[in-house]
Amino acid sequence: SLPVKRGAFWLAGGVKFISYGFILGDALLYVLLDDGFELGLLALARMGIPELLQINLAIEAGLSLRGEPTLFARAALYDSWLLHRDCKITGGFALQVWPQKGDAVITLGGYHPAFKRPDHYPEVDRLGFNWAISDAIVVKGGCYFAMTPREAMGGGRLEVSGRWGPLSAGFYAGVDGLIRWDPFYFNVDIVVGVWGAVDLWFGTLRFEVGVGLHVEGPPVGGVATLKLAVFSIAIPFGDTTPRERPYLKVARTIQDHLHVALPPGASVDDDRVAW
């Protein structure tokens, strides 16, 4: 964040802190002058309870006026575990605001699989865990939540799998949901299933039994999926006609939902607003 560069100037100060007797941290506050102004905070926080958990968190936050003004806060877990040292936890958080674009995003664990993340939105790892309970059994899961001025989304997935010699089996369940408020639109996916496999001399024989449901609208329609062994049956229902879903422009979001008057010369069809 503070690279060596001719003509750039920066000032920084650091501190170590202890909170509640078991939260340890190192923080660096800096001011950067390089083609603009940036005020930021870099920190590492550690919290540990013997035989219960170890949380290590890297944090970055600040205000940048280098180029387009941006307010940001990001955090990511590293080398962390919960309940047992083999139960690793991962994931991240991000909050970013672009005043001139009239855009913002907050996310814990990333985005809906079908969400087309704009290039300026930060990438964030799923909030999840991976626990190797034994040499044979692994449990893992993940979840996420995100909100923008136009939509909200959330979901999670849990998987349990095991392997015993040539035999393996598992269970999975997941749900993903997305809601857009103008124009109103929703998208929900639910899956549940079990599977098994056996390694034979000519290859791997796998079977699966599961159900899935995809619903979106309006108009409401979707597909129900049934998996039986090596066969899969899809049953459409409702209105399944593909549609181009309009994306609400930034200017209209500001005017209709934030109730902020647009600057002179701006149109509700603009995807960028500057005061």
# chains A, B, ... in the order shown; residues from 1 in each chain; ligands from 1

call {"tool": "closest_atom_pairs", "arguments": {"of": "stretch 131-167 of chain A", "to": "stretch 197-214 of chain A", "cutoff": "10 Å", "atoms": "only C-alpha atoms", "output": "CSV"}}
result
residue,atom,partner,partner_atom,distance
A:Arg163,CA,A:Ala197,CA,9.3
A:Trp164,CA,A:Val198,CA,9.7
A:Gly165,CA,A:Asp199,CA,8.7
A:Pro166,CA,A:Asp199,CA,5.0
A:Leu167,CA,A:Val198,CA,4.6

call {"tool": "residues_around", "arguments": {"residues": "stretch 79-89 of chain A", "least_positions_apart": "2", "cutoff": "9 Å", "atoms": "only C-alpha atoms", "output": "PyMOL selection string"}}
result
chain A and resi 51-57+77+91+127-133+139-140

call {"tool": "atom_distance", "arguments": {"atom1": "atom CA of A:Cys143", "atom2": "atom CA of A:Trp98"}}
result
25.8 Å

call {"tool": "residues_around", "arguments": {"residues": "A:Phe115", "least_positions_apart": "6", "cutoff": "10 Å", "atoms": "only C-alpha atoms", "output": "PDB file with N, CA and C atoms, in the first residue's frame"}}
result
ATOM      1  N   GLU A 151     -29.646  -4.176  -5.221  1.00  0.00           N
ATOM      2  CA  GLU A 151     -30.028  -5.542  -4.903  1.00  0.00           C
ATOM      3  C   GLU A 151     -29.401  -6.005  -3.597  1.00  0.00           C
ATOM      4  N   MET A 153     -28.353  -9.960  -1.662  1.00  0.00           N
ATOM      5  CA  MET A 153     -28.187 -11.390  -1.962  1.00  0.00           C
ATOM      6  C   MET A 153     -27.564 -12.102  -0.765  1.00  0.00           C
ATOM      7  N   LEU A 178     -31.333 -13.970  -4.448  1.00  0.00           N
ATOM      8  CA  LEU A 178     -31.029 -12.604  -4.880  1.00  0.00           C
ATOM      9  C   LEU A 178     -32.340 -11.861  -5.100  1.00  0.00           C
TER      10      LEU A 178
END

call {"tool": "residues_around", "arguments": {"residues": "A:Ala45", "least_positions_apart": "2", "cutoff": "7 Å", "atoms": "only C-alpha atoms", "output": "list in words"}}
result
Ile23, Leu24, Gly25, Asp26, Ala43, Met47, Asn56, Leu57 and Ala58 of chain A

call {"tool": "closest_residue", "arguments": {"among": "A:Trp195, A:Gly155, A:Ile179, A:Gly92", "to": "A:Val230", "atoms": "only C-alpha atoms"}}
result
A:Trp195

call {"tool": "atom_distance", "arguments": {"atom1": "atom CA of A:Pro183", "atom2": "atom CA of A:Thr253"}}
result
10.9 Å

call {"tool": "closest_residue", "arguments": {"among": "A:Pro263, A:Gly174, A:Gly110, A:Gly62", "to": "A:Val192", "atoms": "only C-alpha atoms"}}
result
A:Gly174
